[in-house]
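Asker: Structure provided below as structure tokens; questions to follow.
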Amino acid sequence: MLSAKQKERQVLPTNVRPRNYKLTLNPDFKAFDYDGTVVVTLDVNETTNTIKCNSTEIQIHKVKIEQNGHTQTSSSITFLDDDQSATFTFDEALKPGCEAKLTIKFTGQLNDKMAGFYRSSYIDNVTGEKKYLATTQMEPTDCRRALPCFDEPALKATFDVSLICDKNLVALSNMDVIEEKDSEIEGKKITTFRTTPLMSTYLLAFIVGDLKYVETFTSGEHGKPIPVRVYATAGYEKQSRFALDLAAKTLDFFSEIFGIVYPLPKLDNVAIPDFSAGAMENWGLVTYRVVDLLYDEDKASAATKQRVAEVVQHELAHQWFGNLVTMEFWDGLWLNEGFATWMSWFSCNKFFPEWRVWESYVTDNLQQALRLDALRSSHPIQAEVFRADEINQAEFLMRSPTPKDHALFEWFPYLKKHAYGNTKTSDLWDALSLESGKDISRVMSIWTMNVGFPVITVTEDSNSIKLRQTRFLSTGDVKEEDDTVLYWVPLAMINNDTSSHHIESFSEKEVTIPILDLEFYKLNLAHSGIYRTNYPPERLQKLGQAGKRGLLNAEDRAGLVADAGALSASGHSNTSYFLNLVSQWTEESEFVVWGEMLARIGAIKDAWGFQSPEIVRALEKLTIALTGPKAKSLGWEFSKDEDHISAQFKALLFGVSGMAGDPEIVKAAQDMFEKFVSGQQSAIHPNIRGSVYSIVLKNGGEKEWNEVLNIYKNPSSIDEKNIALRSLGQTRKLELIKKTLDLALSEDVREQDIYLPFQGVRSHAKGIKQLWEFVQIKWDTIAGRLPPGLSMLSTVVQLCTIGFCSDDAIKDIKAFFSTKSTKGFNQGLQQSLDSIQAKASWVKRDGEDVRAWLQMKGHLAN
């Protein structure tokens, strides 16, 4: 029987269940298709003469079923596009309690959609020849595009994979090779892989191509050393080393921390030239975008190194969270993604403590989660998903009230209990409750089953503070029906009463807390709690002074800025309060704090981007006043032994001040660029390459645009190509903006990178208008090249809409999409509209406040 929720979901019948797939594929790189045979061993649960499985864009030639020595051929095959299924009907019914073997012969397409079993092209570094490799991307529901299968995460089975390919090519799958021999087809070999453990279809992977690898082994402390490899096309062996060494160390670390040895006999990591996501955690065969796996120590930036490290460690955490223990259905995807994200930060801190990643947690993951959750169109962590096209729209980020607390590892018995199985959110809460002796489910369900988070408004008395919680919305228009949830709020307060921290919490609408000394106090210590704190203006000013005196650590200072910025944007406080706070921190010494300060200043500039030129220029003057002196004191020279944080700090201030128009930095960027294009490759350090390109393009013309385009077409490093493509949109010349947009849809840009030039164009008012006009004209082309099942279509829709900040823009956007199918991006579109509304309301509400403040500070003439 199907549960009520299963009846609402588009799921397969339960009359049969897969136990094993025996799959053979023969890809053809000339016809871009492949012949396949799959034999599925099924448990038959009830008497039936039909079998329904998932299949799309596959030509099925023959279907037969064998049970108890009796074989019959399917009498009919029915396809249903709506749920991407194929139903096979047999004249004689199958009997329950006995296994059956379903054999399907089929042909599939090596498509160019970066989904299912697809082709990826590249230029050989040695011969200059265009080549192809065949690879897979099955998550969330594209295994059905590669082979007929039972494509739901709970329908775990084992897989026996065999690949037929040319003898000179490499064949890879989830498991190690048990046999490689000549095929009956002349010039080809057949590679057979060991049987996988029980796993979900979305984790199945196989690759055929001309690949090279570098190899190392885990330490062997937890058993036999495991071979770890990084594969890429020829010429990238050196750039593979960083990820290789980190992957081996991380695999050992996770095996120890989780108390479960990595359960597969090998781990391959593969750089794929065409890839829709950042990476995919296929069990034993992890695939990545090239820029998210390969790292050139001499030519890439510090930020790129950290990005590669976090992506690799995120995917390896998935080998346990997601692969070993898998969510029961896609509405529990946060169980995979949340813990993988958390573990990537935890392990990154283990191997690179000098990066101080927990400080950037406050301004990175946490603020991104809060930004999305502050929209009315957001959804709970435990989001309802009923159809395949809804899955990629969900944003899943783990909320962790104590992100550095090692005691959280108490819940790792959850992994052992559910190994090779599927879980629901309640299984995790049960495990945590059992280990802690507390009712975790009651508290955490409030957060995972409800949308949003609270703002805690503080009112002060002579010897106490009163706290009131309400739903926080970025639009500031909280209605009664929006404010029905009472959240459990961890306060984690510090004050002058004692040298120790007060760890308190409340779950009422209001609470009063006695404080004997109101001279200094602060809520949400280290800003790991999921809420905003709205202090009285006088208290905010005092906390600003406390920050200057060293009474607040970096996380607290960054979090205070984040809250003040968000509260001014939503109307809980005046924008001038926020501006007063950051303007007194020009001597701030920490990169993470500056990052948040400039992000919030950037949000004001974004919302005011379509205001009068005088206002726009005044905000640029403010930016220069804040950043210029610090940028020049730090400089933009980088030594070989430059520490990781210092390198990013210099790069941040140089880029922001230069893009705001600081004359000295603009001139420095132009000088570096001129030397660089003249052949002096060392003239621009990798840490500021993107900033230099952007500054030069903003202040230059066609000559500079063509020079950056040439860099894009002839890059000297892996990530330089993307940096140049993204920077091209920074030109302010109308004809060059149009050329940038045309380039995005040309043959010179891969589908996976279409959004990159849009990012640059979307960063300024003239570009925002042109991008929206372009996307409307080219909509059919864009929608055709980026299928709804891929998250990139939603990304493009958001990029081309979210830059606006007026009610008229909302009407225009709604009118355009009213005649279009919004399948696959309807939530992303609504989030854009909510963001535009929030900005429009902000400018209407605080326009005069900001103008008066800018005049008072001398950035705007009276």
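Quick note on naming: the chains in the structure tokens go A, B, ... in the order shown, residues restart at 1 in each chain, and ligands are numbered from 1 in order of appearance.
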Within 7 Å of Val161 of chain A, counting only C-alpha atoms, which residues show up once you throw out same-chain ones fewer than 4 positions away? Write them as a tab-separated table (two decimals) with C-alpha atoms, in the first residue's frame, please.
Answerer:
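New file part-v8.tsv:
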chain	number	residue	atom	x	y	z
A	22	LYS	CA	23.61	-6.35	-14.85
A	23	LEU	CA	24.38	-3.61	-17.37
A	24	THR	CA	26.39	-3.71	-20.61
A	192	THR	CA	33.90	-5.65	-16.36
A	193	PHE	CA	33.71	-4.10	-12.90
Asker: Need the shell around Gly97 of chain A: protein/DNA/RNA residues with any atom at most 9 Å away, counting only C-alpha atoms. Skip same-chain ones fewer than 5 positions apart. Format as a PyMOL selection string?
Answerer: chain A and resi 43-46
Asker: For the selection you just gave me, I'd like the residues written to a file as a short mmCIF file (atom, residue, chain, number, x, y, z; two decimals), in the first residue's frame, keeping C-alpha atoms.
Answerer:
data_model
loop_
_atom_site.label_atom_id
_atom_site.label_comp_id
_atom_site.auth_asym_id
_atom_site.auth_seq_id
_atom_site.Cartn_x
_atom_site.Cartn_y
_atom_site.Cartn_z
CA ASP A 43 11.75 -9.34 -6.17
CA VAL A 44 8.10 -9.85 -7.10
CA ASN A 45 5.90 -8.62 -4.25
CA GLU A 46 2.44 -9.32 -5.68
#
Asker: Calculated over only C-alpha atoms, which of the candidates A:Gln776, A:Gln306, A:Ser583, A:Ser835 has the smallest distance to Lys820 of chain A?
Answerer: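 Under the stated criterion, the closest residue is A:Gln776.
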Asker: Measure the distance from atom CA of Ile272 of chain A to atom CA of Asn710 of chain A in Å and round it to one decimal.
Answerer: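 Answer for the atom CA of Ile272 of chain A to atom CA of Asn710 of chain A separation: 23.4 Å.
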Asker: Tell me which protein, DNA and RNA residues are within 9 Å of Leu725 of chain A, counting only C-alpha atoms, leaving out same-chain ones fewer than 2 positions away, and put them as a list in words.
Answerer: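 With the cut-off at 9 Å, the set is Val708, Leu709, Ile711, Tyr712, Glu720, Lys721, Asn722, Ile723, Ser727, Leu728, Gly729, Thr740, Ala744, Val749, Asp753, Leu756, Pro757 and Gly760 of chain A.
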Asker: Within 12 Å of Ser433 of chain A, counting only C-alpha atoms, which residues qualify if same-chain residues fewer than 4 places away don't, as a PyMOL selection string?
Answerer: chain A and resi 408+410-411+413-414+426-429+437-444
Asker: At a cut-off of 9 Å, using only C-alpha atoms, what residues contact Glu773 of chain A? Leave out same-chain residues fewer than 5 positions from it and give the result as a compact mmCIF listing (two decimals) with C-alpha atoms, in the first residue's frame.
Answerer:
# COMPACT_ATOMS: atom_id res chain seq x y z
CA ILE A 768 20.96 44.63 -16.23
CA LYS A 778 16.66 34.66 -27.02
CA CYS A 800 18.55 38.11 -15.77
Asker: When distances are computed from only C-alpha atoms, which of A:Tyr521, A:Tyr236, A:Trp594, A:Trp779 shows the smallest separation from Asp124 of chain A?
Answerer: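 Of the candidates, the smallest distance to Asp124 of chain A is held by A:Tyr236.
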Asker: Mind giving me the straight-line distance from atom CA of Ser528 of chain A to atom CA of Asn495 of chain A in Å, one decimal?
Answerer: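 Atom CA of Asn495 of chain A lies 17.4 Å from atom CA of Ser528 of chain A.
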Asker: Find the distance between atom CA of Phe774 of chain A and atom CA of Ile737 of chain A and write it in Å to one decimal.
Answerer: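 About the pair atom CA of Phe774 of chain A and atom CA of Ile737 of chain A: they are 10.3 Å apart.
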Asker: Which residues of segment 132-172 of chain A sit at most 7 Å from segment 205-208 of chain A, using only C-alpha atoms? Give each one's shortest atom pair and distance in Å (one decimal place), in chain and ascending residue order, as a Markdown table.
Answerer:
| residue | atom | partner | partner_atom | distance |
| --- | --- | --- | --- | --- |
| A:Leu133 | CA | A:Val208 | CA | 5.8 |
| A:Ala134 | CA | A:Val208 | CA | 5.1 |
| A:Thr135 | CA | A:Ile207 | CA | 4.4 |
| A:Thr136 | CA | A:Ala205 | CA | 5.7 |
| A:Leu169 | CA | A:Val208 | CA | 6.5 |
| A:Val170 | CA | A:Val208 | CA | 5.6 |
| A:Ala171 | CA | A:Val208 | CA | 4.6 |
| A:Leu172 | CA | A:Ile207 | CA | 5.1 |
